[in-house]
Amino acid sequence: MLEKKYNHLEVEKNKYDFWLEKDYFKCGKDKTKKPFCIVIPPPNVTGKLHLGHAWNTTLQDIIIRYKRMDGYDTLWLPGMDHAGIATQAKVDKKLKDMGIKPREMDRQEWLNVAWDWKREYAENIHAQWAKMGLSLDYSKERFTLDDGLSKSVTKVFVDLYNEGLIYRGERIINWDPEAMTALSNEEVIYKEDKGAFYHIKYFIEGSDEYLEVATTRPETLFGDTAVAVNPSDERYKHLIGKNVLLPIVNKLIPIVGDIHADPEFGTGVVKITPAHDPNDFEVGNRHNLERVVVMNPDATMNENAGVYQGMTREECRDALVKDLKEKDLLIKIEEMTHSVGHSERTDVVVEPYLSKQWFVKMRPLADRVLENQKNKDTKVNFVPARFEKVMNHWMEITYDWCISRQLWWGHRIPAWYKGEEVYVGTTPPEGEGWIQDPDVLDTWFSSALWPFSTLGWPDNTEDIKRYYPNDVLVTGYDIIPFWVNRMTFQGLHFTGSRPFGDCLIHGLIRDKNGRKMSKSLGNGVDPMDVIEEYGCDSLRYFLSTSSAPGMDLRYDEEKIKSTWNFINKLWNASRFVLMNLEGFNKEDYTLDDLSLSDKWILTKLNKTIKDVRKNMDKYEFNNVGNILYSFAWDDFCDWYIELAKINMNNTTKSVLLRVLTDILKMLHPIMPYVTEEIYSKLPIKEEESIMISNYPKVDKKYIFDNDKEIMDKVMKDIIAIRNLKANNNITKDAFVKLEVSNDLESIYKSQLKIQDDKIINEEDKSLLNVNYTSNNINITYYYKGQEIDNSKILEEIDTLKKSIERRKNLLSNENYVNKAPKNIVDLDRKKLDEEENRLAQLINKN
């Protein structure tokens with residue numbers, strides 16, 4: 001028997017260990033079953049899991065539990081990401097706090113500390129996965145720096161290099177001066193910052209005339225090696241080939257004609273700094289200009305900045321502007337707000353920086369993806385489909401990917417140098433004097449191989465043959481460029497197929513007011529705290545049912561409380577069923593001689609199973625939650641359990657058991673703990689654990705559409721009569737004149753709480769009366785009039801008016817009607833109709 005009160009802490013205790021001991025999470029135990037595989041988007045090992053990860057993994061666990069119950073051989077492969085920049089920053093901070101300078105350590109000594117960090121935080125993540133109830137196959141767990149994945153990474157690098165798709169070159173890259181490493185474009189976050197256009201005089205050689213140059217970055221002036229004008233600009237084309245005097249530096253630099261200079265923008269004259277701007281770099285290549293680097297890797301000014309050497313770039317800007325003013329070289333300062341790139345990891349302003357790095361040549365790889373997406377049989381299917389455009393657009397505009405990082409934590413680049421010689425290979429070169437490249441690869445380089453490297457590639461393992469391509473990837477729309485796109489082109493290139501069939505996209509978690517969660521706003525939520533307060537099942541149900549695929553989710557603690565109430569309702573209903581099933585066994589189970597209400601609930605159950613399966617297969621878990629909530633709360637708890645009390649025979653008990661069992665099974669992927677607890681108490685069950693029981697299927701033998709229609713009309717009568725009693729303040733002392741068919745009498749009498757001693761055969765003219773008539777029932781209540789409390793009626797009228805206005809505004813919003821789940825919109829329409837009817841009744845009454 002269940003405890004009297006639902007206590008999530010007690011319910012969730014020890015169940016995860018039980019599942020692990022029974023090996024329920026392990027794949028491959030029955031090779032006759034169809035395989036189904038998900039590889040977890042690996043969290044990094046820098047700390048605690050956040051609410052977004054809880055949402056992401058909940059959706060995956062729902063899918064994997066559903067497929068496991070539906071007869072598949074399921075593999076949900078866990079793993080973690082080494083997260084190069086983020087982890088190195090955390091380890092460095094730890095060392096600095098200990099008084100140790102990280103870069104003065106031996107590289108291997110530092111790596112030993114980093115591996116200790118990884119082991120500590122990996123255990124934390126395991127504990128949090130357990131609290132979330134995630135049914136991961138830990139026997140398959142991988143880490144992006146383990147030996148097998150390192151082998152995969154090295155092979156991919158070497159193969160791409162040998163194919164001419166990886167090269168080393170000097171280019172303008174995004175440089176993080178705090179982490180002191182290169183970044184890919186996807187690792188740069190643009191923010192609106194206050195800035196200014198500084199209008200500076202560049203005097204023409206041998207003349208008192210000058211060109212007015214506007215720049216947002218005067219501190220890079222020391223690296224100017226030309227100014228450019230458009231060859232078609234009538235104002236300046238005669239100056240092409242002449243020189244200007246570089247302010248402060250006082251050296252001559254040429255005036256070049258180039259289409260990069262836009263006659264319609266600013267003054268039409270641009271300074272060209274090839275070592276500090278990607279566009280200027282291309283101009284420099286076209287005109288064979290010198291590349292002068294003016295900053296150190298930490299963004300302080302170097303020797304090319306003259307007297308400003310050693311200053312930070314911000315200090316240099318202030319000092320330089322002051323000197324330009326004093327020398328009458330500054331025309332004006334035009335303040336403005338502009339978009340400035342910041343490092344995703346350290347949040348410092350990124351510096352465009354000339355550096356020799358390793359790059360992936362993207363065009364051939366991207367073109368193959370674009371071609372593959374035209375084939376409906378081999379493409380990656382995005383859910384919702386609109387997100388395919390995000391991937392395709394990225395593939396169309398892509399640029400070469402900078403993959404080298406100036407870090408110690410990561411896969412070291414398999415390249416060695418001896419003088420001008422370069423060797424790239426899976427094993428070190430033979431002979432003396434070779435020095436390995438000190439840089440490591442971008443974390444996303446190894447993550448891009450995750451769907452197949454985790455299964456043993458490049459070896460042709462049994463796991464690769466059975467579980468690749470993966471069936472579905474679940475991820476947020478914010479990392480489609482970082483990860484989804486790269487997995488797709490690497491999967492196609494190295495395996496010849498897409499990495500996964502479906503790509504389920506979810507949004508971002510925001511606070512109740514729609515703001516992004518962040519430390520600075522103090523609005524972050526720790527999922528472990530929510531679990532402690534309300535339980536894992538409440539959190540999972542909220543996360544999976546409060547947002548449609550692809551949409552953002554607003555965190556609302558009130559909704560989690562209401563979910564806890566729903567679980568409590570289910571718990572109490574289960575206690576009622578179990579109390580009535582004491583001593584009940586297999587021999588007692590029968591679905592013969594079904595009553596009207598039995599047939600009604602079994603028909604509703606089969607419709608629910610059909611609708612739930614349809615939405616589970618489409619990943620529309622928000623609809624699944626709403627359907628199950630409505631069936632479990634309204635149909636089962638509020639109606640059938642009350643109807644079952646009329647005649648608690650073995651058939652009724654069997655229907656109660658059948659319906660409760662299937663409700664638990666359908667809810668299990670979303671609410672694993674409470675469903676396991678209740679299922680374990682059932683007197684008849686097919687398996688030891690609900691996790692390995694069969695997911696419900698539609699049983700056409702128990703669909704009774706005609707009986708359901710009759711029962712629906714009876715219920716409609718009952719609701720109308722209850723409203724009639726409430727509107728007229730009719731109490732239980734009222735007398736009743738009742739005309740109803742014998743087969744329905746017990747239902748009406750029980751649900752309307754009509755006692756035999758209150759039934760009369762003749763009308764009583766001394767009392768007030770009110771009548772309700774339908775095809776099934778003719779009922780008249782005789783009652784004494786009572787004083788009506790107008791204040792309560794007015795209060796209800798005011799509440800109804802506000803609610804009606806809110807619903808009308810909502811339903812007039814095309815965006816809501818088109819994008820919200822259909823069943824939610826239909827429910828709003830139904831509620832609006834009910835509220836308008838109720839308002840009309842109250843106004844007439846008042």
# chains A, B, ... in the order shown; residues from 1 in each chain; ligands from 1
call {"tool": "residues_around", "arguments": {"residues": "A:Tyr772", "least_positions_apart": "2", "cutoff": "10 Å", "atoms": "only C-alpha atoms", "output": "list in words"}}
result
Asp717, Ala720, Ile721, Leu724, Val770, Ser774, Ile777, Asn778, Ile779, Thr780 and Tyr781 of chain A
call {"tool": "select_by_dssp", "arguments": {"residues": "stretch 5-66 of chain A", "states": "strand (DSSP E)", "output": "list in words"}}
result
Pro35, Phe36, Cys37, Ile38 and Val39 of chain A
call {"tool": "residues_around", "arguments": {"residues": "A:Ile760", "least_positions_apart": "2", "cutoff": "7 Å", "atoms": "only C-alpha atoms", "output": "JSON, numbers by chain"}}
result
{"A": [735, 736, 737, 758, 762]}
call {"tool": "residues_around", "arguments": {"residues": "A:Lys685", "least_positions_apart": "3", "cutoff": "10 Å", "atoms": "only C-alpha atoms", "output": "PDB file with N, CA and C atoms, in the first residue's frame"}}
result
ATOM      1  N   LYS A 586      -4.912 -12.440 -10.170  1.00  0.00           N
ATOM      2  CA  LYS A 586      -5.121 -12.661 -11.608  1.00  0.00           C
ATOM      3  C   LYS A 586      -6.438 -13.363 -11.902  1.00  0.00           C
ATOM      4  N   LEU A 657      -7.806  -1.085 -12.442  1.00  0.00           N
ATOM      5  CA  LEU A 657      -6.410  -1.534 -12.553  1.00  0.00           C
ATOM      6  C   LEU A 657      -5.878  -1.302 -13.958  1.00  0.00           C
ATOM      7  N   ARG A 658      -6.666  -1.658 -14.961  1.00  0.00           N
ATOM      8  CA  ARG A 658      -6.230  -1.493 -16.358  1.00  0.00           C
ATOM      9  C   ARG A 658      -5.941  -0.024 -16.671  1.00  0.00           C
ATOM     10  N   THR A 661      -2.934   1.391 -14.607  1.00  0.00           N
ATOM     11  CA  THR A 661      -1.670   0.837 -15.125  1.00  0.00           C
ATOM     12  C   THR A 661      -1.233   1.569 -16.390  1.00  0.00           C
ATOM     13  N   TYR A 679       3.491   1.707  -9.499  1.00  0.00           N
ATOM     14  CA  TYR A 679       3.458   0.450 -10.272  1.00  0.00           C
ATOM     15  C   TYR A 679       3.914  -0.730  -9.414  1.00  0.00           C
ATOM     16  N   SER A 680       4.938  -0.488  -8.589  1.00  0.00           N
ATOM     17  CA  SER A 680       5.482  -1.582  -7.767  1.00  0.00           C
ATOM     18  C   SER A 680       4.461  -2.111  -6.769  1.00  0.00           C
ATOM     19  N   LYS A 681       3.428  -1.334  -6.462  1.00  0.00           N
ATOM     20  CA  LYS A 681       2.409  -1.744  -5.486  1.00  0.00           C
ATOM     21  C   LYS A 681       1.204  -2.418  -6.137  1.00  0.00           C
ATOM     22  N   LEU A 682       1.144  -2.436  -7.471  1.00  0.00           N
ATOM     23  CA  LEU A 682      -0.019  -3.021  -8.141  1.00  0.00           C
ATOM     24  C   LEU A 682      -0.068  -4.534  -7.893  1.00  0.00           C
ATOM     25  N   GLU A 688       8.773  -6.691 -13.412  1.00  0.00           N
ATOM     26  CA  GLU A 688       9.220  -6.262 -12.087  1.00  0.00           C
ATOM     27  C   GLU A 688       9.252  -4.734 -11.980  1.00  0.00           C
ATOM     28  N   SER A 689       9.630  -4.101 -13.091  1.00  0.00           N
ATOM     29  CA  SER A 689       9.747  -2.635 -13.116  1.00  0.00           C
ATOM     30  C   SER A 689       8.917  -2.085 -14.263  1.00  0.00           C
ATOM     31  N   ILE A 690       8.310  -0.940 -14.028  1.00  0.00           N
ATOM     32  CA  ILE A 690       7.534  -0.286 -15.082  1.00  0.00           C
ATOM     33  C   ILE A 690       8.428   0.091 -16.256  1.00  0.00           C
ATOM     34  N   SER A 693       8.301  -2.577 -18.757  1.00  0.00           N
ATOM     35  CA  SER A 693       6.968  -3.038 -19.154  1.00  0.00           C
ATOM     36  C   SER A 693       6.667  -2.528 -20.559  1.00  0.00           C
TER      37      SER A 693
END
call {"tool": "select_by_dssp", "arguments": {"residues": "stretch 572-761 of chain A", "states": "alpha helix (DSSP H)", "output": "number ranges by chain"}}
result
A: 572-580, 596-617, 621-629, 641-644, 650-667, 672-680, 705-727, 742-751
call {"tool": "decode", "arguments": {"residues": "stretch 635-647 of chain A", "atoms": "all heavy atoms", "output": "PDB file, in the first residue's frame"}}
result
ATOM      1  N   ASP A 635     -10.953  12.794 -16.510  1.00  0.00           N
ATOM      2  CA  ASP A 635     -11.727  11.603 -16.854  1.00  0.00           C
ATOM      3  C   ASP A 635     -11.610  10.510 -15.790  1.00  0.00           C
ATOM      4  O   ASP A 635     -12.614   9.903 -15.403  1.00  0.00           O
ATOM      5  CB  ASP A 635     -11.275  11.050 -18.208  1.00  0.00           C
ATOM      6  CG  ASP A 635     -11.502  12.032 -19.335  1.00  0.00           C
ATOM      7  OD1 ASP A 635     -12.407  12.877 -19.217  1.00  0.00           O
ATOM      8  OD2 ASP A 635     -10.763  11.970 -20.332  1.00  0.00           O
ATOM      9  N   PHE A 636     -10.372  10.248 -15.350  1.00  0.00           N
ATOM     10  CA  PHE A 636     -10.177   9.130 -14.428  1.00  0.00           C
ATOM     11  C   PHE A 636     -10.474   9.513 -12.979  1.00  0.00           C
ATOM     12  O   PHE A 636     -11.322   8.890 -12.324  1.00  0.00           O
ATOM     13  CB  PHE A 636      -8.747   8.600 -14.558  1.00  0.00           C
ATOM     14  CG  PHE A 636      -8.474   7.378 -13.709  1.00  0.00           C
ATOM     15  CD1 PHE A 636      -9.158   6.190 -13.943  1.00  0.00           C
ATOM     16  CD2 PHE A 636      -7.536   7.411 -12.690  1.00  0.00           C
ATOM     17  CE1 PHE A 636      -8.917   5.062 -13.167  1.00  0.00           C
ATOM     18  CE2 PHE A 636      -7.286   6.291 -11.916  1.00  0.00           C
ATOM     19  CZ  PHE A 636      -7.976   5.115 -12.147  1.00  0.00           C
ATOM     20  N   CYS A 637      -9.774  10.538 -12.483  1.00  0.00           N
ATOM     21  CA  CYS A 637      -9.923  10.888 -11.062  1.00  0.00           C
ATOM     22  C   CYS A 637     -11.293  11.509 -10.754  1.00  0.00           C
ATOM     23  O   CYS A 637     -11.969  11.095  -9.811  1.00  0.00           O
ATOM     24  CB  CYS A 637      -8.809  11.849 -10.642  1.00  0.00           C
ATOM     25  SG  CYS A 637      -7.159  11.136 -10.736  1.00  0.00           S
ATOM     26  N   ASP A 638     -11.678  12.515 -11.537  1.00  0.00           N
ATOM     27  CA  ASP A 638     -12.896  13.253 -11.208  1.00  0.00           C
ATOM     28  C   ASP A 638     -14.170  12.534 -11.618  1.00  0.00           C
ATOM     29  O   ASP A 638     -15.223  12.732 -10.994  1.00  0.00           O
ATOM     30  CB  ASP A 638     -12.864  14.635 -11.862  1.00  0.00           C
ATOM     31  CG  ASP A 638     -11.906  15.578 -11.157  1.00  0.00           C
ATOM     32  OD1 ASP A 638     -11.341  15.167 -10.126  1.00  0.00           O
ATOM     33  OD2 ASP A 638     -11.710  16.714 -11.638  1.00  0.00           O
ATOM     34  N   TRP A 639     -14.102  11.694 -12.662  1.00  0.00           N
ATOM     35  CA  TRP A 639     -15.318  11.046 -13.140  1.00  0.00           C
ATOM     36  C   TRP A 639     -15.338   9.542 -12.860  1.00  0.00           C
ATOM     37  O   TRP A 639     -16.204   9.059 -12.132  1.00  0.00           O
ATOM     38  CB  TRP A 639     -15.516  11.300 -14.640  1.00  0.00           C
ATOM     39  CG  TRP A 639     -16.134  12.646 -14.915  1.00  0.00           C
ATOM     40  CD1 TRP A 639     -15.504  13.759 -15.365  1.00  0.00           C
ATOM     41  CD2 TRP A 639     -17.507  13.004 -14.737  1.00  0.00           C
ATOM     42  NE1 TRP A 639     -16.387  14.808 -15.483  1.00  0.00           N
ATOM     43  CE2 TRP A 639     -17.630  14.365 -15.114  1.00  0.00           C
ATOM     44  CE3 TRP A 639     -18.642  12.320 -14.310  1.00  0.00           C
ATOM     45  CZ2 TRP A 639     -18.841  15.059 -15.063  1.00  0.00           C
ATOM     46  CZ3 TRP A 639     -19.860  12.999 -14.253  1.00  0.00           C
ATOM     47  CH2 TRP A 639     -19.956  14.352 -14.625  1.00  0.00           C
ATOM     48  N   TYR A 640     -14.378   8.822 -13.427  1.00  0.00           N
ATOM     49  CA  TYR A 640     -14.536   7.367 -13.353  1.00  0.00           C
ATOM     50  C   TYR A 640     -14.423   6.837 -11.930  1.00  0.00           C
ATOM     51  O   TYR A 640     -15.165   5.925 -11.538  1.00  0.00           O
ATOM     52  CB  TYR A 640     -13.534   6.643 -14.258  1.00  0.00           C
ATOM     53  CG  TYR A 640     -13.787   5.153 -14.229  1.00  0.00           C
ATOM     54  CD1 TYR A 640     -14.930   4.618 -14.842  1.00  0.00           C
ATOM     55  CD2 TYR A 640     -12.946   4.291 -13.538  1.00  0.00           C
ATOM     56  CE1 TYR A 640     -15.219   3.264 -14.776  1.00  0.00           C
ATOM     57  CE2 TYR A 640     -13.218   2.934 -13.463  1.00  0.00           C
ATOM     58  CZ  TYR A 640     -14.354   2.437 -14.076  1.00  0.00           C
ATOM     59  OH  TYR A 640     -14.652   1.094 -13.994  1.00  0.00           O
ATOM     60  N   ILE A 641     -13.489   7.360 -11.159  1.00  0.00           N
ATOM     61  CA  ILE A 641     -13.358   6.860  -9.786  1.00  0.00           C
ATOM     62  C   ILE A 641     -14.661   7.069  -9.014  1.00  0.00           C
ATOM     63  O   ILE A 641     -15.088   6.202  -8.239  1.00  0.00           O
ATOM     64  CB  ILE A 641     -12.163   7.527  -9.079  1.00  0.00           C
ATOM     65  CG1 ILE A 641     -10.863   6.861  -9.557  1.00  0.00           C
ATOM     66  CG2 ILE A 641     -12.278   7.438  -7.572  1.00  0.00           C
ATOM     67  CD1 ILE A 641      -9.599   7.410  -8.950  1.00  0.00           C
ATOM     68  N   GLU A 642     -15.308   8.214  -9.237  1.00  0.00           N
ATOM     69  CA  GLU A 642     -16.604   8.454  -8.577  1.00  0.00           C
ATOM     70  C   GLU A 642     -17.671   7.494  -9.096  1.00  0.00           C
ATOM     71  O   GLU A 642     -18.492   6.978  -8.323  1.00  0.00           O
ATOM     72  CB  GLU A 642     -17.037   9.901  -8.804  1.00  0.00           C
ATOM     73  CG  GLU A 642     -16.132  10.945  -8.154  1.00  0.00           C
ATOM     74  CD  GLU A 642     -15.956  10.702  -6.657  1.00  0.00           C
ATOM     75  OE1 GLU A 642     -16.986  10.455  -5.978  1.00  0.00           O
ATOM     76  OE2 GLU A 642     -14.810  10.724  -6.175  1.00  0.00           O
ATOM     77  N   LEU A 643     -17.653   7.233 -10.408  1.00  0.00           N
ATOM     78  CA  LEU A 643     -18.631   6.310 -10.987  1.00  0.00           C
ATOM     79  C   LEU A 643     -18.378   4.870 -10.528  1.00  0.00           C
ATOM     80  O   LEU A 643     -19.312   4.075 -10.378  1.00  0.00           O
ATOM     81  CB  LEU A 643     -18.570   6.382 -12.517  1.00  0.00           C
ATOM     82  CG  LEU A 643     -19.029   7.705 -13.141  1.00  0.00           C
ATOM     83  CD1 LEU A 643     -18.565   7.803 -14.592  1.00  0.00           C
ATOM     84  CD2 LEU A 643     -20.548   7.838 -13.048  1.00  0.00           C
ATOM     85  N   ALA A 644     -17.076   4.554 -10.292  1.00  0.00           N
ATOM     86  CA  ALA A 644     -16.723   3.192  -9.874  1.00  0.00           C
ATOM     87  C   ALA A 644     -17.299   2.852  -8.505  1.00  0.00           C
ATOM     88  O   ALA A 644     -17.535   1.671  -8.195  1.00  0.00           O
ATOM     89  CB  ALA A 644     -15.201   3.035  -9.860  1.00  0.00           C
ATOM     90  N   LYS A 645     -17.528   3.859  -7.703  1.00  0.00           N
ATOM     91  CA  LYS A 645     -18.050   3.630  -6.350  1.00  0.00           C
ATOM     92  C   LYS A 645     -19.481   3.105  -6.361  1.00  0.00           C
ATOM     93  O   LYS A 645     -19.958   2.569  -5.355  1.00  0.00           O
ATOM     94  CB  LYS A 645     -17.971   4.920  -5.538  1.00  0.00           C
ATOM     95  CG  LYS A 645     -16.547   5.398  -5.288  1.00  0.00           C
ATOM     96  CD  LYS A 645     -16.526   6.776  -4.634  1.00  0.00           C
ATOM     97  CE  LYS A 645     -15.090   7.267  -4.462  1.00  0.00           C
ATOM     98  NZ  LYS A 645     -15.048   8.644  -3.897  1.00  0.00           N
ATOM     99  N   ILE A 646     -20.177   3.240  -7.496  1.00  0.00           N
ATOM    100  CA  ILE A 646     -21.565   2.792  -7.593  1.00  0.00           C
ATOM    101  C   ILE A 646     -21.655   1.279  -7.413  1.00  0.00           C
ATOM    102  O   ILE A 646     -22.522   0.764  -6.712  1.00  0.00           O
ATOM    103  CB  ILE A 646     -22.182   3.200  -8.955  1.00  0.00           C
ATOM    104  CG1 ILE A 646     -22.191   4.715  -9.093  1.00  0.00           C
ATOM    105  CG2 ILE A 646     -23.594   2.637  -9.113  1.00  0.00           C
ATOM    106  CD1 ILE A 646     -22.565   5.197 -10.496  1.00  0.00           C
ATOM    107  N   ASN A 647     -20.735   0.549  -8.048  1.00  0.00           N
ATOM    108  CA  ASN A 647     -20.788  -0.913  -7.992  1.00  0.00           C
ATOM    109  C   ASN A 647     -19.374  -1.460  -8.109  1.00  0.00           C
ATOM    110  O   ASN A 647     -18.876  -1.715  -9.192  1.00  0.00           O
ATOM    111  CB  ASN A 647     -21.674  -1.451  -9.118  1.00  0.00           C
ATOM    112  CG  ASN A 647     -21.864  -2.944  -9.018  1.00  0.00           C
ATOM    113  OD1 ASN A 647     -21.595  -3.557  -7.987  1.00  0.00           O
ATOM    114  ND2 ASN A 647     -22.316  -3.555 -10.117  1.00  0.00           N
TER     115      ASN A 647
END
